[in-house]
>>> print(open('query_25.cif').read())   # mmCIF, C-alpha atoms
data_target
loop_
_atom_site.label_atom_id
_atom_site.label_comp_id
_atom_site.auth_asym_id
_atom_site.auth_seq_id
_atom_site.Cartn_x
_atom_site.Cartn_y
_atom_site.Cartn_z
CA MET U 63 0.00 0.00 0.00
CA VAL U 64 1.52 3.28 -1.11
CA CYS U 65 1.15 6.42 0.95
CA GLY U 66 0.51 9.48 -1.14
CA GLY U 67 -1.46 12.71 -1.23
CA PHE U 68 -3.59 14.12 1.52
CA ALA U 69 -4.15 10.85 3.42
CA CYS U 70 -0.42 10.32 3.86
CA SER U 71 0.16 13.92 4.94
CA LYS U 72 -2.71 13.69 7.41
CA ASN U 73 -1.41 10.43 8.88
CA CYS U 74 2.15 11.78 9.18
CA LEU U 75 0.91 14.94 10.87
CA CYS U 76 -1.21 12.91 13.30
CA ALA U 77 1.76 10.65 14.11
CA LEU U 78 4.10 13.61 14.68
CA ASN U 79 1.58 15.33 16.94
CA LEU U 80 1.10 12.14 18.95
CA LEU U 81 4.89 12.05 19.35
CA TYR U 82 4.85 15.70 20.49
CA THR U 83 2.09 14.82 22.98
CA LEU U 84 4.19 12.01 24.43
CA VAL U 85 7.23 14.31 24.69
CA SER U 86 5.15 16.95 26.48
CA LEU U 87 3.79 14.41 28.96
CA LEU U 88 7.35 13.16 29.48
CA LEU U 89 8.53 16.72 30.27
CA ILE U 90 5.74 17.23 32.78
CA GLY U 91 6.38 13.81 34.35
CA ILE U 92 10.14 14.34 34.67
CA ALA U 93 9.61 17.73 36.33
CA ALA U 94 7.16 16.20 38.80
CA TRP U 95 9.52 13.27 39.41
CA GLY U 96 12.47 15.61 40.02
CA ILE U 97 10.62 17.64 42.63
CA GLY U 98 9.00 14.54 44.17
CA PHE U 99 12.33 12.84 44.80
CA GLY U 100 14.00 16.03 46.00
CA LEU U 101 16.44 16.22 43.08
CA ILE U 102 15.34 19.76 42.26
CA SER U 103 14.16 22.23 44.85
CA SER U 104 13.96 25.26 42.57
CA LEU U 105 10.32 25.89 41.78
CA ARG U 106 11.34 28.23 38.95
CA VAL U 107 13.13 25.47 37.08
CA VAL U 108 10.28 23.01 37.60
CA GLY U 109 7.72 25.67 36.69
CA VAL U 110 9.48 26.46 33.40
CA VAL U 111 9.77 22.77 32.46
CA ILE U 112 6.10 22.16 33.26
CA ALA U 113 5.07 25.31 31.34
CA VAL U 114 7.04 24.16 28.27
CA GLY U 115 5.41 20.73 28.56
CA ILE U 116 1.92 22.23 28.76
CA PHE U 117 2.65 24.57 25.82
CA LEU U 118 3.89 21.67 23.71
CA PHE U 119 0.86 19.58 24.70
CA LEU U 120 -1.56 22.33 23.69
CA ILE U 121 0.23 22.95 20.38
CA ALA U 122 0.21 19.23 19.59
CA LEU U 123 -3.47 19.06 20.47
CA VAL U 124 -4.26 21.95 18.10
CA GLY U 125 -2.28 20.24 15.32
CA LEU U 126 -3.93 16.89 15.95
CA ILE U 127 -7.45 18.31 15.93
CA GLY U 128 -6.66 20.42 12.85
CA ALA U 129 -5.33 17.40 10.97
CA VAL U 130 -8.09 14.98 11.95
CA LYS U 131 -10.94 17.43 11.33
CA HIS U 132 -9.16 19.06 8.37
CA HIS U 133 -9.84 22.43 10.02
CA GLN U 134 -7.93 24.96 7.93
CA VAL U 135 -8.05 27.79 10.47
CA LEU U 136 -6.53 25.60 13.20
CA LEU U 137 -3.90 24.36 10.77
CA PHE U 138 -3.05 27.93 9.73
CA PHE U 139 -2.53 29.08 13.34
CA TYR U 140 -0.67 25.86 14.05
CA MET U 141 1.67 26.61 11.15
CA ILE U 142 2.24 30.19 12.36
CA ILE U 143 3.02 28.99 15.89
CA LEU U 144 5.42 26.36 14.51
CA LEU U 145 7.16 29.07 12.47
CA LEU U 146 7.63 31.18 15.62
CA VAL U 147 8.87 28.13 17.54
CA PHE U 148 11.32 27.45 14.69
CA VAL U 149 12.71 30.99 14.84
CA VAL U 150 13.14 30.89 18.64
CA GLN U 151 14.58 27.38 18.62
CA PHE U 152 17.03 28.20 15.82
CA SER U 153 18.15 31.39 17.58
CA VAL U 154 18.68 29.69 20.95
CA SER U 155 20.54 26.80 19.30
CA CYS U 156 22.88 29.16 17.49
CA ALA U 157 23.47 31.10 20.72
CA CYS U 158 24.30 27.86 22.58
CA LEU U 159 26.81 26.88 19.91
CA ALA U 160 28.37 30.37 19.70
CA LEU U 161 29.20 30.88 23.40
CA ASN U 162 32.92 30.76 24.19
CA GLU U 163 34.36 29.70 27.58
CA GLU U 164 34.55 33.25 28.95
CA GLN U 165 30.93 33.96 28.05
CA GLN U 166 29.87 30.63 29.54
CA GLY U 167 31.66 31.54 32.78
CA GLN U 168 29.93 34.92 32.93
CA LEU U 169 26.54 33.35 32.25
CA LEU U 170 27.09 30.70 34.93
CA GLU U 171 28.17 33.31 37.47
CA VAL U 172 25.06 35.42 36.84
CA GLY U 173 22.91 32.34 37.29
CA TRP U 174 24.83 31.39 40.44
CA ASN U 175 24.32 34.80 42.01
CA ASN U 176 20.60 34.98 41.20
CA THR U 177 19.32 31.60 42.43
CA ALA U 178 19.78 30.52 46.03
CA SER U 179 17.85 27.25 45.83
CA ALA U 180 19.64 26.07 42.68
CA ARG U 181 22.94 27.08 44.28
CA ASN U 182 22.18 24.91 47.30
CA ASP U 183 21.23 21.96 45.05
CA ILE U 184 24.46 22.33 43.06
CA GLN U 185 26.63 22.53 46.17
CA ARG U 186 24.93 19.50 47.70
CA ASN U 187 24.96 17.33 44.55
CA LEU U 188 28.44 18.26 43.28
CA ASN U 189 30.02 18.42 46.76
CA CYS U 190 31.54 21.88 46.26
CA CYS U 191 31.26 25.27 47.96
CA GLY U 192 31.25 28.77 46.48
CA PHE U 193 31.52 29.68 42.83
CA ARG U 194 34.96 31.26 42.34
CA THR U 195 35.64 31.94 46.03
CA TYR U 196 34.30 30.40 49.21
CA ASN U 197 33.51 32.33 52.37
CA PRO U 198 33.28 29.98 55.40
CA ASN U 199 30.52 32.21 56.82
CA ASP U 200 28.27 31.42 53.81
CA THR U 201 25.81 28.54 53.94
CA CYS U 202 27.05 25.45 52.11
CA LEU U 203 25.14 22.16 52.11
CA ALA U 204 27.99 20.07 50.68
CA SER U 205 29.11 17.04 52.66
CA CYS U 206 32.74 18.20 52.47
CA VAL U 207 31.95 21.01 54.95
CA LYS U 208 31.06 18.47 57.62
CA SER U 209 34.15 16.35 56.98
CA SER U 210 37.79 17.30 57.30
CA HIS U 211 38.30 17.23 53.51
CA PRO U 212 38.76 20.61 51.81
CA CYS U 213 35.89 21.67 49.58
CA SER U 214 36.54 22.44 45.95
CA LEU U 215 35.06 25.46 44.21
CA CYS U 216 31.99 24.93 42.04
CA ALA U 217 33.02 27.05 39.01
CA PRO U 218 35.59 24.58 37.62
CA ILE U 219 33.27 21.60 38.15
CA ILE U 220 30.30 23.31 36.48
CA GLY U 221 32.48 24.85 33.75
CA LYS U 222 33.85 21.43 32.80
CA TYR U 223 30.38 20.23 31.81
CA ALA U 224 28.81 23.52 30.66
CA GLY U 225 30.56 23.55 27.28
CA GLU U 226 29.59 19.95 26.53
CA VAL U 227 25.98 20.51 27.56
CA LEU U 228 25.68 23.71 25.51
CA ARG U 229 27.11 22.01 22.40
CA PHE U 230 24.79 19.03 22.89
CA VAL U 231 21.69 21.19 23.46
CA GLY U 232 22.62 23.50 20.59
CA GLY U 233 23.17 20.58 18.21
CA ILE U 234 19.93 18.84 19.18
CA GLY U 235 18.00 22.13 18.95
CA LEU U 236 19.51 22.88 15.53
CA PHE U 237 18.65 19.38 14.31
CA PHE U 238 15.04 19.64 15.44
CA SER U 239 14.64 23.18 14.14
CA PHE U 240 15.57 21.94 10.66
CA THR U 241 13.28 18.93 10.94
CA GLU U 242 10.41 21.38 11.51
CA THR U 243 10.94 22.89 8.05
CA PRO U 244 9.69 19.81 6.12
CA TYR U 245 7.00 19.52 8.77
CA GLU U 246 5.72 22.97 7.79
CA LEU U 247 5.81 21.97 4.12
CA LEU U 248 3.69 18.97 5.08
CA LEU U 249 1.28 21.34 6.79
CA GLY U 250 1.07 23.41 3.64
CA ASP U 251 0.13 20.26 1.75
CA ILE U 252 -2.65 19.48 4.25
CA ASP U 253 -3.81 23.10 4.37
CA HIS U 254 -4.31 23.08 0.59
CA GLY U 255 -6.12 19.75 0.59
CA GLY U 256 -3.14 17.75 -0.72
CA GLN U 257 -3.24 19.42 -4.15
#
>>> encode(input="query_25.cif", output="structure tokens")
Amino acid sequence: MVCGGFACSKNCLCALNLLYTLVSLLLIGIAAWGIGFGLISSLRVVGVVIAVGIFLFLIALVGLIGAVKHHQVLLFFYMIILLLVFVVQFSVSCACLALNEEQQGQLLEVGWNNTASARNDIQRNLNCCGFRTYNPNDTCLASCVKSSHPCSLCAPIIGKYAGEVLRFVGGIGLFFSFTETPYELLLGDIDHGGQ
């Protein structure tokens, strides 16, 4: 059986939106799991992940309903939203890939200074104290404080992985931003009735 025309486009769009729905539910579940097991105590981080999951779920739902019902208005708005997501995703991916080590260090230091709960999680999980300097009067939840072992600074530990993570996230984001381009062409095919 050969897949061609509108039926194939509709089935592909439905399958991709079901995949997006699963990814959104996975995001929401991982955020809930992280806070439930005490891995993340920052409500901002969890809130952002859950918000992205809900946004993706709603967008996938709009695409799924538009494809199944062949509702051209829903498909048009769906295509516009995907175009905006593409632009944002492409921009963030390029920014992740373009950051050098000095810029990464500055970005990490700003994040370190602005989030107390994430700072405590990092110090506890990585067993380090302070970012570039450590003041013994500051609160540090690392286990090295309680023992006689000297505590290492957090900046070198975080910096070692930051470059790898940014390259990975940038590469994955770039890959998926370019996979959305044929997806929008597929939408155009559905929007015009497969003609």
>>> closest_residue(input="query_25.cif", among="U:Pro198, U:Gly221, U:Gly91, U:Gly128", to="Gln168 (chain U)", atoms="all atoms listed in the file")
U:Gly221
>>> atom_distance(input="query_25.cif", atom1="CA of Tyr82 (chain U)", atom2="CA of Gly235 (chain U)")
14.7 Å
>>> atom_distance(input="query_25.cif", atom1="CA of Ala77 (chain U)", atom2="CA of Phe148 (chain U)")
19.3 Å
>>> closest_residue(input="query_25.cif", among="U:Leu236, U:Leu137, U:Cys158, U:Leu188", to="Ser214 (chain U)", atoms="all atoms listed in the file")
U:Leu188
>>> atom_distance(input="query_25.cif", atom1="CA of Ser153 (chain U)", atom2="CA of Val114 (chain U)")
17.0 Å
>>> resolve_selection(input="query_25.cif", expression="the PyMOL selection byres ((chain U and resi 192) around 6)", output="PDB file with C-alpha atoms, in the frame of the given file")
ATOM      1  CA  CYS U 191      31.260  25.270  47.960  1.00  0.00           C
ATOM      2  CA  PHE U 193      31.520  29.680  42.830  1.00  0.00           C
ATOM      3  CA  THR U 195      35.640  31.940  46.030  1.00  0.00           C
ATOM      4  CA  TYR U 196      34.300  30.400  49.210  1.00  0.00           C
ATOM      5  CA  LEU U 215      35.060  25.460  44.210  1.00  0.00           C
ATOM      6  CA  CYS U 216      31.990  24.930  42.040  1.00  0.00           C
TER       7      CYS U 216
END
>>> residues_around(input="query_25.cif", residues="Glu226 (chain U)", least_positions_apart="3", cutoff="12 Å", atoms="only C-alpha atoms", output="list in words")
Cys158, Leu159, Leu161, Asn162, Glu163, Gln166, Ile220, Gly221, Lys222, Tyr223, Arg229, Phe230, Val231, Gly232 and Gly233 of chain U
>>> residues_near_point(input="query_25.cif", point="(-3.0, 15.6, 11.1)", cutoff="6 Å", atoms="only C-alpha atoms", output="PyMOL selection string")
chain U and resi 72-73+75-76+126+129-130
>>> closest_residue(input="query_25.cif", among="U:Leu80, U:Ile219, U:Val150, U:Val107", to="Ile184 (chain U)", atoms="only C-alpha atoms")
U:Ile219
>>> resolve_selection(input="query_25.cif", expression="the PyMOL selection byres ((chain U and resi 118) around 10)", output="CSV table (one decimal) with C-alpha atoms, in the coordinates of the input")
chain,number,residue,atom,x,y,z
U,79,ASN,CA,1.6,15.3,16.9
U,82,TYR,CA,4.8,15.7,20.5
U,83,THR,CA,2.1,14.8,23.0
U,84,LEU,CA,4.2,12.0,24.4
U,85,VAL,CA,7.2,14.3,24.7
U,86,SER,CA,5.2,17.0,26.5
U,87,LEU,CA,3.8,14.4,29.0
U,89,LEU,CA,8.5,16.7,30.3
U,112,ILE,CA,6.1,22.2,33.3
U,113,ALA,CA,5.1,25.3,31.3
U,114,VAL,CA,7.0,24.2,28.3
U,115,GLY,CA,5.4,20.7,28.6
U,116,ILE,CA,1.9,22.2,28.8
U,117,PHE,CA,2.6,24.6,25.8
U,119,PHE,CA,0.9,19.6,24.7
U,120,LEU,CA,-1.6,22.3,23.7
U,121,ILE,CA,0.2,23.0,20.4
U,122,ALA,CA,0.2,19.2,19.6
U,123,LEU,CA,-3.5,19.1,20.5
U,124,VAL,CA,-4.3,22.0,18.1
>>> residues_around(input="query_25.cif", residues="Glu164 (chain U)", least_positions_apart="4", cutoff="12 Å", atoms="all atoms listed in the file", output="PyMOL selection string")
chain U and resi 160+168-171+217+221+224-225
>>> closest_residue(input="query_25.cif", among="U:Tyr140, U:Trp174, U:Phe99, U:Phe237", to="Cys156 (chain U)", atoms="all atoms listed in the file")
U:Phe237
>>> residues_around(input="query_25.cif", residues="Ser239 (chain U)", least_positions_apart="6", cutoff="9 Å", atoms="all atoms listed in the file", output="list in words")
Val147, Phe148, Val149, Gln151, Phe152 and Ser155 of chain U
>>> write_last_selection(input="query_25.cif", atoms="C-alpha atoms", output="mmCIF file, in the frame of the given file")
data_model
loop_
_atom_site.group_PDB
_atom_site.id
_atom_site.type_symbol
_atom_site.label_atom_id
_atom_site.label_comp_id
_atom_site.auth_asym_id
_atom_site.auth_seq_id
_atom_site.Cartn_x
_atom_site.Cartn_y
_atom_site.Cartn_z
ATOM 1 C CA VAL U 147 8.870 28.130 17.540
ATOM 2 C CA PHE U 148 11.320 27.450 14.690
ATOM 3 C CA VAL U 149 12.710 30.990 14.840
ATOM 4 C CA GLN U 151 14.580 27.380 18.620
ATOM 5 C CA PHE U 152 17.030 28.200 15.820
ATOM 6 C CA SER U 155 20.540 26.800 19.300
#
>>> decode(input="query_25.cif", residues="region 85-235 of chain U", atoms="C-alpha atoms", output="tab-separated table (two decimals), in the first residue's frame")
chain	number	residue	atom	x	y	z
U	85	VAL	CA	7.23	14.31	24.69
U	86	SER	CA	5.15	16.95	26.48
U	87	LEU	CA	3.79	14.41	28.96
U	88	LEU	CA	7.35	13.16	29.48
U	89	LEU	CA	8.53	16.72	30.27
U	90	ILE	CA	5.74	17.23	32.78
U	91	GLY	CA	6.38	13.81	34.35
U	92	ILE	CA	10.14	14.34	34.67
U	93	ALA	CA	9.61	17.73	36.33
U	94	ALA	CA	7.16	16.20	38.80
U	95	TRP	CA	9.52	13.27	39.41
U	96	GLY	CA	12.47	15.61	40.02
U	97	ILE	CA	10.62	17.64	42.63
U	98	GLY	CA	9.00	14.54	44.17
U	99	PHE	CA	12.33	12.84	44.80
U	100	GLY	CA	14.00	16.03	46.00
U	101	LEU	CA	16.44	16.22	43.08
U	102	ILE	CA	15.34	19.76	42.26
U	103	SER	CA	14.16	22.23	44.85
U	104	SER	CA	13.96	25.26	42.57
U	105	LEU	CA	10.32	25.89	41.78
U	106	ARG	CA	11.34	28.23	38.95
U	107	VAL	CA	13.13	25.47	37.08
U	108	VAL	CA	10.28	23.01	37.60
U	109	GLY	CA	7.72	25.67	36.69
U	110	VAL	CA	9.48	26.46	33.40
U	111	VAL	CA	9.77	22.77	32.46
U	112	ILE	CA	6.10	22.16	33.26
U	113	ALA	CA	5.07	25.31	31.34
U	114	VAL	CA	7.04	24.16	28.27
U	115	GLY	CA	5.41	20.73	28.56
U	116	ILE	CA	1.92	22.23	28.76
U	117	PHE	CA	2.65	24.57	25.82
U	118	LEU	CA	3.89	21.67	23.71
U	119	PHE	CA	0.86	19.58	24.70
U	120	LEU	CA	-1.56	22.33	23.69
U	121	ILE	CA	0.23	22.95	20.38
U	122	ALA	CA	0.21	19.23	19.59
U	123	LEU	CA	-3.47	19.06	20.47
U	124	VAL	CA	-4.26	21.95	18.10
U	125	GLY	CA	-2.28	20.24	15.32
U	126	LEU	CA	-3.93	16.89	15.95
U	127	ILE	CA	-7.45	18.31	15.93
U	128	GLY	CA	-6.66	20.42	12.85
U	129	ALA	CA	-5.33	17.40	10.97
U	130	VAL	CA	-8.09	14.98	11.95
U	131	LYS	CA	-10.94	17.43	11.33
U	132	HIS	CA	-9.16	19.06	8.37
U	133	HIS	CA	-9.84	22.43	10.02
U	134	GLN	CA	-7.93	24.96	7.93
U	135	VAL	CA	-8.05	27.79	10.47
U	136	LEU	CA	-6.53	25.60	13.20
U	137	LEU	CA	-3.90	24.36	10.77
U	138	PHE	CA	-3.05	27.93	9.73
U	139	PHE	CA	-2.53	29.08	13.34
U	140	TYR	CA	-0.67	25.86	14.05
U	141	MET	CA	1.67	26.61	11.15
U	142	ILE	CA	2.24	30.19	12.36
U	143	ILE	CA	3.02	28.99	15.89
U	144	LEU	CA	5.42	26.36	14.51
U	145	LEU	CA	7.16	29.07	12.47
U	146	LEU	CA	7.63	31.18	15.62
U	147	VAL	CA	8.87	28.13	17.54
U	148	PHE	CA	11.32	27.45	14.69
U	149	VAL	CA	12.71	30.99	14.84
U	150	VAL	CA	13.14	30.89	18.64
U	151	GLN	CA	14.58	27.38	18.62
U	152	PHE	CA	17.03	28.20	15.82
U	153	SER	CA	18.15	31.39	17.58
U	154	VAL	CA	18.68	29.69	20.95
U	155	SER	CA	20.54	26.80	19.30
U	156	CYS	CA	22.88	29.16	17.49
U	157	ALA	CA	23.47	31.10	20.72
U	158	CYS	CA	24.30	27.86	22.58
U	159	LEU	CA	26.81	26.88	19.91
U	160	ALA	CA	28.37	30.37	19.70
U	161	LEU	CA	29.20	30.88	23.40
U	162	ASN	CA	32.92	30.76	24.19
U	163	GLU	CA	34.36	29.70	27.58
U	164	GLU	CA	34.55	33.25	28.95
U	165	GLN	CA	30.93	33.96	28.05
U	166	GLN	CA	29.87	30.63	29.54
U	167	GLY	CA	31.66	31.54	32.78
U	168	GLN	CA	29.93	34.92	32.93
U	169	LEU	CA	26.54	33.35	32.25
U	170	LEU	CA	27.09	30.70	34.93
U	171	GLU	CA	28.17	33.31	37.47
U	172	VAL	CA	25.06	35.42	36.84
U	173	GLY	CA	22.91	32.34	37.29
U	174	TRP	CA	24.83	31.39	40.44
U	175	ASN	CA	24.32	34.80	42.01
U	176	ASN	CA	20.60	34.98	41.20
U	177	THR	CA	19.32	31.60	42.43
U	178	ALA	CA	19.78	30.52	46.03
U	179	SER	CA	17.85	27.25	45.83
U	180	ALA	CA	19.64	26.07	42.68
U	181	ARG	CA	22.94	27.08	44.28
U	182	ASN	CA	22.18	24.91	47.30
U	183	ASP	CA	21.23	21.96	45.05
U	184	ILE	CA	24.46	22.33	43.06
U	185	GLN	CA	26.63	22.53	46.17
U	186	ARG	CA	24.93	19.50	47.70
U	187	ASN	CA	24.96	17.33	44.55
U	188	LEU	CA	28.44	18.26	43.28
U	189	ASN	CA	30.02	18.42	46.76
U	190	CYS	CA	31.54	21.88	46.26
U	191	CYS	CA	31.26	25.27	47.96
U	192	GLY	CA	31.25	28.77	46.48
U	193	PHE	CA	31.52	29.68	42.83
U	194	ARG	CA	34.96	31.26	42.34
U	195	THR	CA	35.64	31.94	46.03
U	196	TYR	CA	34.30	30.40	49.21
U	197	ASN	CA	33.51	32.33	52.37
U	198	PRO	CA	33.28	29.98	55.40
U	199	ASN	CA	30.52	32.21	56.82
U	200	ASP	CA	28.27	31.42	53.81
U	201	THR	CA	25.81	28.54	53.94
U	202	CYS	CA	27.05	25.45	52.11
U	203	LEU	CA	25.14	22.16	52.11
U	204	ALA	CA	27.99	20.07	50.68
U	205	SER	CA	29.11	17.04	52.66
U	206	CYS	CA	32.74	18.20	52.47
U	207	VAL	CA	31.95	21.01	54.95
U	208	LYS	CA	31.06	18.47	57.62
U	209	SER	CA	34.15	16.35	56.98
U	210	SER	CA	37.79	17.30	57.30
U	211	HIS	CA	38.30	17.23	53.51
U	212	PRO	CA	38.76	20.61	51.81
U	213	CYS	CA	35.89	21.67	49.58
U	214	SER	CA	36.54	22.44	45.95
U	215	LEU	CA	35.06	25.46	44.21
U	216	CYS	CA	31.99	24.93	42.04
U	217	ALA	CA	33.02	27.05	39.01
U	218	PRO	CA	35.59	24.58	37.62
U	219	ILE	CA	33.27	21.60	38.15
U	220	ILE	CA	30.30	23.31	36.48
U	221	GLY	CA	32.48	24.85	33.75
U	222	LYS	CA	33.85	21.43	32.80
U	223	TYR	CA	30.38	20.23	31.81
U	224	ALA	CA	28.81	23.52	30.66
U	225	GLY	CA	30.56	23.55	27.28
U	226	GLU	CA	29.59	19.95	26.53
U	227	VAL	CA	25.98	20.51	27.56
U	228	LEU	CA	25.68	23.71	25.51
U	229	ARG	CA	27.11	22.01	22.40
U	230	PHE	CA	24.79	19.03	22.89
U	231	VAL	CA	21.69	21.19	23.46
U	232	GLY	CA	22.62	23.50	20.59
U	233	GLY	CA	23.17	20.58	18.21
U	234	ILE	CA	19.93	18.84	19.18
U	235	GLY	CA	18.00	22.13	18.95
